[in-house]
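Remarks on the structure that follows.
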Amino acid sequence: MARSLLFLSLFLPAVASAAPSDSNAAPAAVRRLALLVGVNDGGPGRARLRYAVTDANSFGQVLEELGGVQPQDRLMMLEGDRAALENALARFKAMVAAAKSPGGRTEALIYYSGHSDEEGLLLHKDRFGYRELRQALEQLPADVRIAILDSCASGTLARQKGGVRRPAFLVDASTAVRGHAILTSSSEDEVSQESDRIGGSFFTHNLVSGMRGAADATGDGRVTLHEAYQFAFHETLARTERTRGGAQHPAYDIELAGTGELVMTDLRTTSAVLVVGEGVEGRLFIRDQPGRLVVELNKLAGRSTELGLQPGSYTVMRESRGASSQATLVVDKGGRTVLADSAFLPMMGELTAMRGGSAVVGGDSLAMTSSVEDSGRRRRFLNVGLAPKLQTNSLFGDTSVDNALSLSLGLATMGRLDGFALAMGANWNADSVRGVQTSLGANVVNGHVNGAQFTIGGNWVNGSVEGAQFAVGGNYASERVEGIQAAVGINIARKGGMMGQLGVGASISSMSMKGAQLAVGTSWVDGDFEGYQAAVGLNMVRGHMKGIQMSSGVNYVASAKGAQLSILNIGGDVRGMQLGLINVAGKMNGLQLGLINVSQELESGVPVGLLNIVRNGQFHVEAFGSDFNYANVSLKVGSRYLYTTLVVGMGSIRTRGPSHWSTGVGIGGHFPVTERLFVDVDVVTNGIHEWKGGEGNRLLHQARLMLGYQVANHFAIIAGPTANLLHGFDGEAVTPLSHLGTAGSTTNKEAIWWPGLQVGLRI
């Protein structure tokens with residue numbers, strides 16, 4: 001789903017913001033509080049976002065690390081509805097009021113990431129209007145009020161105040177910090193975009209990168225509001241010009257006055273600093289040990305750049321002058337780690353864009369492939385041994401030797417494998433594998449795998465897999481799988497797959513996936529899915545599905561374009577078909593075929609089943625009499641034009657008192673003629689049951705034409721003719737049922753038919 005960013009309102013009172021007249025006066029104590037809201041679900045008909053919650057967490061983390069927000073002053077609201085947001089705003093207002101102190105200054109910041117439209121924020125099935133949000137901001141008892149919205153169509157609000165499309169924002173040397181500002185990353189008719197490559201929205205990612213130090217243009221160790229948003233603007237525009245969603249153009253309305261700078265982050269307070277040296281140039285992608293992209297910047301030579309990071313191990317990938325290089329480093333707590341140009345080693349591969357992100361406009365996930373041949377690495381063609389200390393690699397004093405062939409009766413340890421490894425126990429690689437690994441115990445790789453792994457125990461890869469994993473126990477990949485995972489136990493791909501997963505136990509993808517997912521137990525995708533999903537137990541897609549779900553248990557999908565085939569099918573926004581005993585959909589466009597079909601909203605679909613329940617369709621109870629039953633009650637449920645009916649009645653033969661009762665089921669069509677006049681046409685099959693003795697059970701088939709007049713909203717008069725065919729079983733003769741005398745008195749016919757009549761009321 002497309003998203004945009006709105007910096008909604010910044011109010012800075014003159015007294016609190018003005019620079020002190022006495023240069024020796026101590027600066028006022030500042031207390032900053034933040035409300036962080038992330039909602040992926042924008043309601044029926046909108047694709048579930050992938051990174052709204054992630055963006056809220058990332059923005060909150062940088063505020064806590066570098067932005068002066070204490071843990072007790074940070075309030076999170078994730079995946080809530082309108083009521084939850086109203087409650088969070090009330091709690092936040094109380095927190096701000098309690099934080100005020102004489103002589104001090106309070107700053108209140110609200111961040112929202114999720115869906116919105118031209119009228120307001122979209123939270124599940126609810127809307128929270130921009131006018132309501134503005135009022136909530138104005139009521140916060142803070143000296144500085146900031147709100148940032150990462151959502152669609154945010155330019156509408158700026159346009160109401162006269163905002164226009166501009167080439168940049170806050171580019172002058174003004175130090176004005178009083179008044180208000182409305183900033184948007186897209187105009188009223190544009191969308192913002194999120195990316196698998198960065199794991200979040202473009203603007204929020206660039207804003208966080210800037211606040212970590214990439215935007216510190218003056219080099220004073222502080223990132224001001226001007227610097228952070230100027231950096232985010234230029235980076236977002238540059239990175240979206242080449243996407244399918246197109247470039248995002250900002251609009252703004254600013255009314256600021258006064259003096260002073262609003263500092264967003266202070267790098268001097270961080271516990272770990274990465275100093276990118278003067279000689280380093282090019283676009284840098286800095287990832288932490290789990291592989292998350294934490295900072296991205298375009299570094300120019302000639303001056304150093306300081307970045308505030310968490311202590312830990314990092315990988316820095318650089319694109320410069322058409323070539324790619326990479327460096328690894330450790331940022332220690334309390335220290336300053338310098339990244340020099342000499343730390344980068346060349347990469348022989350290239351960055352390639354994975355085309356076809358299903359639900360993300362402008363999704364530009366990157367697959368990084370390299371055949372790095374580092375001149376300083378130890379390489380030995382053959383490794384033979386029994387255990388890590390009893391192998392030929394250990395003779396060289398290093399267990400991280402690269403090999404082309406490894407044979408071991410126990411556990412083999414090596415660096416990079418470019419060939420074949422066989423072990424009775426396990427293969428342990430400290431780096432990537434390009435080739436084949438097989439063992440009876442486990443195959444463990446701390447890098448990427450380009451090839452195949454075979455094991456009886458399990459395969460574990462801390463990077464991506466381009467090939468196949470086969471295991472009796474389980475397969476795990478911390479990044480993408482662009483091949484096949486097959487296991488008797490469980491398959492897990494943390495960042496999706498491109499071909500498929502096959503598991504007897506479960507197949508799980510914690511992000512989007514494209515291909516086939518097969519499991520006897522459960523097939524589970526946390527993101528979007530395109531392809532074929534089959535399981536004996538449960539199929540689950542928490543994002544958008546394009547393809548087929550098939551199971552003998554339950555299918556669930558948040559939104560779908562395709563087919564669901566199961567005993568129980570559950571979907572949010574479904575465009576296609578649901579085939580099962582019970583089908584449930586939020587919004588349905590297509591065919592529901594089952595015994596029971598339920599939908600909240602049926603736009604252009606058709607439910608076919610014994611019982612069809614549509615919230616915006618038909619739900620009528622009718623009481624009527626007919627020529628063969630003096631009392632009937634029926635239930636009609638279905639879509640606007642197609643319905644099923646269940647009928648129960650009681651009647652008698654002309655020659656004696658009450659003699660039979662009937663049950664029937666049928667299907668028909670509803671045709672509005674005018675605002676009050678309508679016509680129902682249906683066919684119904686009734687079973688005629690004797691109270692005691694008599695002729696036994698018979699079948700009565702009816703074709704009915706019912707004219708109706710709507711007297712009031714929930715009350716109508718109905719009447720019309722019927723065509724009736726009555727027959728018994730095994731050639732038995734039947735007795736006429738009609739009280740109109742139209743069927744004669746013949747009693748020795750196997751089947752008789754007659755025209756009839758029914759009249760009644762509809763509620």
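To be explicit about the labels: the chains of the structure tokens are called A, B, and onward in the order shown, and within each one the residues are counted from 1, while ligands get numbers from 1 in the order they are shown.
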(request) Identify, on the basis of only C-alpha atoms, every residue whose closest approach to A:Ser464 does not exceed 7 Å; exclude the query and any residue fewer than 4 positions from it along the same chain; express the result as a VMD selection string. (result) chain A and resid 448 to 449 477 to 481
Residue selection dump (N, CA and C atoms) as an mmCIF file, in the first residue's frame:
data_model
loop_
_atom_site.group_PDB
_atom_site.id
_atom_site.type_symbol
_atom_site.label_atom_id
_atom_site.label_comp_id
_atom_site.auth_asym_id
_atom_site.auth_seq_id
_atom_site.Cartn_x
_atom_site.Cartn_y
_atom_site.Cartn_z
ATOM 1 N N HIS A 448 26.315 -16.682 3.245
ATOM 2 C CA HIS A 448 25.316 -17.038 2.252
ATOM 3 C C HIS A 448 25.628 -18.407 1.650
ATOM 4 N N VAL A 449 24.604 -19.046 1.080
ATOM 5 C CA VAL A 449 24.758 -20.344 0.431
ATOM 6 C C VAL A 449 24.296 -20.220 -1.014
ATOM 7 N N ALA A 477 16.938 -20.144 7.352
ATOM 8 C CA ALA A 477 17.696 -19.130 6.627
ATOM 9 C C ALA A 477 17.306 -17.773 7.191
ATOM 10 N N SER A 478 18.286 -16.995 7.636
ATOM 11 C CA SER A 478 17.974 -15.711 8.258
ATOM 12 C C SER A 478 17.629 -14.648 7.228
ATOM 13 N N GLU A 479 17.927 -14.911 5.942
ATOM 14 C CA GLU A 479 17.559 -13.969 4.896
ATOM 15 C C GLU A 479 16.724 -14.693 3.841
ATOM 16 N N ARG A 480 16.799 -14.276 2.608
ATOM 17 C CA ARG A 480 15.938 -14.806 1.559
ATOM 18 C C ARG A 480 16.357 -16.208 1.121
ATOM 19 N N VAL A 481 15.376 -16.965 0.652
ATOM 20 C CA VAL A 481 15.613 -18.262 0.028
ATOM 21 C C VAL A 481 15.150 -18.146 -1.419
#
(request) Using only C-alpha atoms, pick whichever of A:Val461, A:Leu611, A:Ile596, A:Met424 has the shortest atom-to-atom distance to A:Pro290. (result)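 Under the stated criterion, the closest residue is A:Val461.
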(request) Select, from A:Gln230, A:Glu732, A:Gly666, A:Gly45, the residue with the minimum atom-to-atom distance to A:Glu603, counting only C-alpha atoms. (result)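 Of A:Gln230, A:Glu732, A:Gly666, A:Gly45, the one nearest A:Glu603, counting only C-alpha atoms, is A:Gly45.
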(message) Need the shell around A:Glu530: protein/DNA/RNA residues with any atom at most 8 Å away, counting only C-alpha atoms. Skip same-chain ones fewer than 2 positions apart. Format as an NGL selection string?
(response) :A and (358 or 513-515 or 528 or 532 or 545-547)
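Checking A:Leu66, A:Leu89, A:Val273, A:Leu49 one by one against A:Gly199, counting only C-alpha atoms, you find the shortest gap at A:Leu49.
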(request) Compile the contact shell of stretch 407-416 of chain A as a count of residues only: residues with an atom at most 10 Å away, counting only C-alpha atoms, same-chain residues fewer than 2 positions apart removed. (result) 52
(message) Could you check the closest approach to A:Ser566 for each of A:Phe202, A:Gly586, A:Ala534, A:Val488 and tell me which residue wins, using only C-alpha atoms?
(response)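 Once distances to A:Ser566 are computed over only C-alpha atoms, the minimum belongs to A:Ala534.
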(message) I want to know what sits within 7 Å of stretch 128-142 of chain A, based on only C-alpha atoms, with residues of the same chain fewer than 6 positions away left out; could you give that as a PyMOL selection string?
(response) chain A and resi 82+93+96-97+106-108+119-122
Output N, CA, C and O atoms of each residue in that selection to a file, as a tab-separated table (two decimals), in the first residue's frame.
chain	number	residue	atom	x	y	z
A	82	ARG	N	-9.19	3.33	16.33
A	82	ARG	CA	-9.46	4.72	16.70
A	82	ARG	C	-9.54	4.88	18.21
A	82	ARG	O	-8.98	5.83	18.78
A	93	LYS	N	-1.22	13.35	26.69
A	93	LYS	CA	-1.50	14.70	27.18
A	93	LYS	C	-1.25	14.78	28.68
A	93	LYS	O	-0.67	15.75	29.18
A	96	VAL	N	2.52	14.80	29.35
A	96	VAL	CA	3.12	16.11	29.06
A	96	VAL	C	2.82	17.09	30.18
A	96	VAL	O	3.69	17.85	30.62
A	97	ALA	N	1.57	17.08	30.66
A	97	ALA	CA	1.19	17.98	31.74
A	97	ALA	C	1.98	17.69	33.01
A	97	ALA	O	2.43	18.61	33.71
A	106	THR	N	9.22	21.84	27.94
A	106	THR	CA	8.78	20.52	27.51
A	106	THR	C	8.58	20.52	26.00
A	106	THR	O	8.10	21.48	25.43
A	107	GLU	N	8.98	19.42	25.38
A	107	GLU	CA	8.79	19.21	23.95
A	107	GLU	C	8.01	17.92	23.75
A	107	GLU	O	8.39	16.88	24.29
A	108	ALA	N	6.92	17.98	23.00
A	108	ALA	CA	6.06	16.82	22.75
A	108	ALA	C	6.12	16.46	21.28
A	108	ALA	O	5.90	17.32	20.41
A	119	GLU	N	-8.75	12.59	3.98
A	119	GLU	CA	-9.54	13.09	5.10
A	119	GLU	C	-8.91	12.83	6.45
A	119	GLU	O	-9.20	13.54	7.42
A	120	GLY	N	-8.09	11.79	6.58
A	120	GLY	CA	-7.51	11.52	7.88
A	120	GLY	C	-6.78	10.20	7.93
A	120	GLY	O	-6.55	9.54	6.91
A	121	LEU	N	-6.42	9.79	9.14
A	121	LEU	CA	-5.71	8.55	9.37
A	121	LEU	C	-6.67	7.38	9.31
A	121	LEU	O	-7.82	7.47	9.76
A	122	LEU	N	-6.21	6.24	8.78
A	122	LEU	CA	-7.03	5.04	8.66
A	122	LEU	C	-6.47	3.97	9.60
A	122	LEU	O	-5.35	3.50	9.41
(message) Can you tell me, as an NGL selection string, which residues in stretch 36-145 of chain A count as strand (DSSP E) by DSSP?
(response) :A and (36-38 or 69-78 or 105-113 or 115-116 or 120-123 or 126-129 or 144-145)
Let me see the file: selected residues, C-alpha atoms, as an mmCIF file, in the first residue's frame.
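Generated file (part.cif):
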data_model
loop_
_atom_site.group_PDB
_atom_site.id
_atom_site.type_symbol
_atom_site.label_atom_id
_atom_site.label_comp_id
_atom_site.auth_asym_id
_atom_site.auth_seq_id
_atom_site.Cartn_x
_atom_site.Cartn_y
_atom_site.Cartn_z
ATOM 1 C CA LEU A 36 4.912 6.625 18.601
ATOM 2 C CA VAL A 37 2.075 5.060 16.617
ATOM 3 C CA GLY A 38 2.462 2.265 14.042
ATOM 4 C CA VAL A 69 13.769 10.877 25.163
ATOM 5 C CA GLN A 70 13.930 8.815 28.352
ATOM 6 C CA PRO A 71 12.281 5.349 28.401
ATOM 7 C CA GLN A 72 9.595 6.559 30.832
ATOM 8 C CA ASP A 73 8.781 9.460 28.469
ATOM 9 C CA ARG A 74 8.176 7.207 25.434
ATOM 10 C CA LEU A 75 4.657 5.904 24.762
ATOM 11 C CA MET A 76 4.069 3.258 22.058
ATOM 12 C CA MET A 77 0.744 2.401 20.380
ATOM 13 C CA LEU A 78 1.022 -0.408 17.810
ATOM 14 C CA ARG A 105 10.769 23.479 28.815
ATOM 15 C CA THR A 106 8.777 20.517 27.508
ATOM 16 C CA GLU A 107 8.791 19.214 23.950
ATOM 17 C CA ALA A 108 6.058 16.822 22.752
ATOM 18 C CA LEU A 109 6.534 14.747 19.601
ATOM 19 C CA ILE A 110 3.906 12.533 17.947
ATOM 20 C CA TYR A 111 4.938 10.108 15.193
ATOM 21 C CA TYR A 112 2.427 8.106 13.115
ATOM 22 C CA SER A 113 3.204 5.472 10.491
ATOM 23 C CA HIS A 115 -2.473 4.333 6.196
ATOM 24 C CA SER A 116 -4.351 7.577 5.552
ATOM 25 C CA GLY A 120 -7.510 11.520 7.877
ATOM 26 C CA LEU A 121 -5.708 8.548 9.372
ATOM 27 C CA LEU A 122 -7.030 5.037 8.664
ATOM 28 C CA LEU A 123 -6.837 2.684 11.644
ATOM 29 C CA ASP A 126 -11.836 3.488 11.591
ATOM 30 C CA ARG A 127 -10.818 6.987 10.477
ATOM 31 C CA PHE A 128 -9.262 9.710 12.639
ATOM 32 C CA GLY A 129 -9.656 13.062 10.889
ATOM 33 C CA VAL A 144 7.265 22.726 21.555
ATOM 34 C CA ARG A 145 4.814 20.512 19.685
#
(request) Name the residues in contact with A:Gly553 at a cut-off of 12 Å, using only C-alpha atoms, excluding same-chain residues fewer than 3 positions from it; report them as a ChimeraX atom specification. (result) /A:520-523,534-540,549-550,556,564-570,580-582
Export of the given selection (N, CA, C and O atoms) as an mmCIF file, in the first residue's frame:
data_model
loop_
_atom_site.group_PDB
_atom_site.id
_atom_site.type_symbol
_atom_site.label_atom_id
_atom_site.label_comp_id
_atom_site.auth_asym_id
_atom_site.auth_seq_id
_atom_site.Cartn_x
_atom_site.Cartn_y
_atom_site.Cartn_z
ATOM 1 N N VAL A 520 2.522 -30.524 5.541
ATOM 2 C CA VAL A 520 1.470 -31.371 6.098
ATOM 3 C C VAL A 520 0.829 -30.670 7.285
ATOM 4 O O VAL A 520 -0.371 -30.763 7.514
ATOM 5 N N GLY A 521 1.622 -29.916 8.019
ATOM 6 C CA GLY A 521 1.099 -29.216 9.187
ATOM 7 C C GLY A 521 0.602 -27.829 8.844
ATOM 8 O O GLY A 521 -0.573 -27.615 8.563
ATOM 9 N N THR A 522 1.536 -26.853 8.822
ATOM 10 C CA THR A 522 1.168 -25.450 8.651
ATOM 11 C C THR A 522 2.071 -24.772 7.636
ATOM 12 O O THR A 522 3.282 -24.958 7.650
ATOM 13 N N SER A 523 1.460 -23.978 6.762
ATOM 14 C CA SER A 523 2.196 -23.078 5.873
ATOM 15 C C SER A 523 1.881 -21.653 6.314
ATOM 16 O O SER A 523 0.710 -21.272 6.381
ATOM 17 N N ALA A 534 -0.144 -24.872 0.112
ATOM 18 C CA ALA A 534 -0.943 -26.065 0.393
ATOM 19 C C ALA A 534 -0.518 -26.654 1.725
ATOM 20 O O ALA A 534 0.667 -26.713 2.048
ATOM 21 N N ALA A 535 -1.501 -27.092 2.500
ATOM 22 C CA ALA A 535 -1.233 -27.711 3.797
ATOM 23 C C ALA A 535 -2.409 -28.598 4.174
ATOM 24 O O ALA A 535 -3.548 -28.356 3.769
ATOM 25 N N VAL A 536 -2.132 -29.630 4.959
ATOM 26 C CA VAL A 536 -3.212 -30.452 5.492
ATOM 27 C C VAL A 536 -3.901 -29.717 6.642
ATOM 28 O O VAL A 536 -5.105 -29.818 6.826
ATOM 29 N N GLY A 537 -3.125 -28.934 7.393
ATOM 30 C CA GLY A 537 -3.683 -28.241 8.548
ATOM 31 C C GLY A 537 -4.108 -26.824 8.243
ATOM 32 O O GLY A 537 -5.274 -26.553 7.954
ATOM 33 N N LEU A 538 -3.140 -25.882 8.250
ATOM 34 C CA LEU A 538 -3.443 -24.460 8.164
ATOM 35 C C LEU A 538 -2.562 -23.775 7.140
ATOM 36 O O LEU A 538 -1.352 -23.992 7.101
ATOM 37 N N ASN A 539 -3.178 -22.929 6.305
ATOM 38 C CA ASN A 539 -2.464 -22.000 5.442
ATOM 39 C C ASN A 539 -2.726 -20.593 5.960
ATOM 40 O O ASN A 539 -3.879 -20.198 6.137
ATOM 41 N N MET A 540 -1.667 -19.828 6.188
ATOM 42 C CA MET A 540 -1.816 -18.486 6.731
ATOM 43 C C MET A 540 -0.977 -17.512 5.927
ATOM 44 O O MET A 540 0.224 -17.708 5.750
ATOM 45 N N GLN A 549 -4.584 -20.945 -2.343
ATOM 46 C CA GLN A 549 -4.443 -21.605 -1.053
ATOM 47 C C GLN A 549 -5.289 -22.873 -1.073
ATOM 48 O O GLN A 549 -6.461 -22.828 -1.446
ATOM 49 N N MET A 550 -4.715 -23.996 -0.658
ATOM 50 C CA MET A 550 -5.455 -25.253 -0.641
ATOM 51 C C MET A 550 -5.089 -26.021 0.621
ATOM 52 O O MET A 550 -3.913 -26.212 0.918
ATOM 53 N N TYR A 556 -6.382 -18.935 5.680
ATOM 54 C CA TYR A 556 -6.586 -17.560 6.133
ATOM 55 C C TYR A 556 -5.699 -16.640 5.315
ATOM 56 O O TYR A 556 -4.531 -16.926 5.080
ATOM 57 N N GLN A 564 -9.186 -19.690 -2.709
ATOM 58 C CA GLN A 564 -9.024 -20.399 -1.447
ATOM 59 C C GLN A 564 -9.868 -21.665 -1.510
ATOM 60 O O GLN A 564 -11.070 -21.595 -1.772
ATOM 61 N N LEU A 565 -9.250 -22.818 -1.277
ATOM 62 C CA LEU A 565 -9.931 -24.104 -1.347
ATOM 63 C C LEU A 565 -9.672 -24.846 -0.047
ATOM 64 O O LEU A 565 -8.552 -25.269 0.225
ATOM 65 N N SER A 566 -10.701 -25.010 0.798
ATOM 66 C CA SER A 566 -10.515 -25.654 2.084
ATOM 67 C C SER A 566 -11.857 -25.931 2.729
ATOM 68 O O SER A 566 -12.913 -25.526 2.217
ATOM 69 N N ILE A 567 -11.843 -26.625 3.876
ATOM 70 C CA ILE A 567 -13.069 -26.808 4.649
ATOM 71 C C ILE A 567 -13.553 -25.463 5.168
ATOM 72 O O ILE A 567 -14.732 -25.132 5.082
ATOM 73 N N LEU A 568 -12.613 -24.663 5.696
ATOM 74 C CA LEU A 568 -12.934 -23.329 6.194
ATOM 75 C C LEU A 568 -11.996 -22.325 5.537
ATOM 76 O O LEU A 568 -10.776 -22.429 5.663
ATOM 77 N N ASN A 569 -12.566 -21.363 4.825
ATOM 78 C CA ASN A 569 -11.801 -20.304 4.183
ATOM 79 C C ASN A 569 -12.140 -18.975 4.844
ATOM 80 O O ASN A 569 -13.321 -18.623 4.970
ATOM 81 N N ILE A 570 -11.107 -18.235 5.243
ATOM 82 C CA ILE A 570 -11.301 -16.938 5.880
ATOM 83 C C ILE A 570 -10.420 -15.930 5.159
ATOM 84 O O ILE A 570 -9.222 -16.144 4.993
ATOM 85 N N GLY A 580 -15.407 -24.026 -0.273
ATOM 86 C CA GLY A 580 -15.266 -24.797 0.948
ATOM 87 C C GLY A 580 -16.611 -25.033 1.602
ATOM 88 O O GLY A 580 -17.645 -24.565 1.124
ATOM 89 N N LEU A 581 -16.600 -25.772 2.716
ATOM 90 C CA LEU A 581 -17.844 -25.961 3.442
ATOM 91 C C LEU A 581 -18.317 -24.646 4.043
ATOM 92 O O LEU A 581 -19.508 -24.333 4.015
ATOM 93 N N ILE A 582 -17.377 -23.872 4.604
ATOM 94 C CA ILE A 582 -17.697 -22.565 5.179
ATOM 95 C C ILE A 582 -16.735 -21.541 4.599
ATOM 96 O O ILE A 582 -15.517 -21.721 4.651
#
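Of note, atom CA of A:Ala712 and atom CA of A:Gly638 are spaced 20.7 Å apart.
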(message) So that I can check the surroundings of A:Ala272, please list as a list in words every protein, DNA and RNA residue that reaches within 7 Å of it, counting only C-alpha atoms and ignoring chain neighbours fewer than 3 positions away.
(response) Gly308, Leu309, Gln310, Pro311, Val331, Asp332, Lys333, Gly334, Gly335 and Arg336 of chain A
(request) May I ask for the distance between atom CA of A:Tyr709 and atom CA of A:Tyr641, given in Å to one decimal place? (result)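 For atom CA of A:Tyr709 relative to atom CA of A:Tyr641, the distance reads 16.6 Å.
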(message) With distances taken over only C-alpha atoms, which residue among A:Gly625, A:Gly651, A:Gly80, A:Pro607 lies nearest A:Leu757?
(response)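 Result for the nearest residue to A:Leu757: A:Gly625.
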(message) Calculated over only C-alpha atoms, which of the candidates A:Phe454, A:Thr224, A:Gly279, A:Leu284 has the smallest distance to A:Ala340?
(response)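 Checking each of A:Phe454, A:Thr224, A:Gly279, A:Leu284 against A:Ala340, counting only C-alpha atoms, the winner is A:Gly279.
For the pair atom CA of A:Ala52 and atom CA of A:Gly282, the interatomic distance is 29.1 Å.
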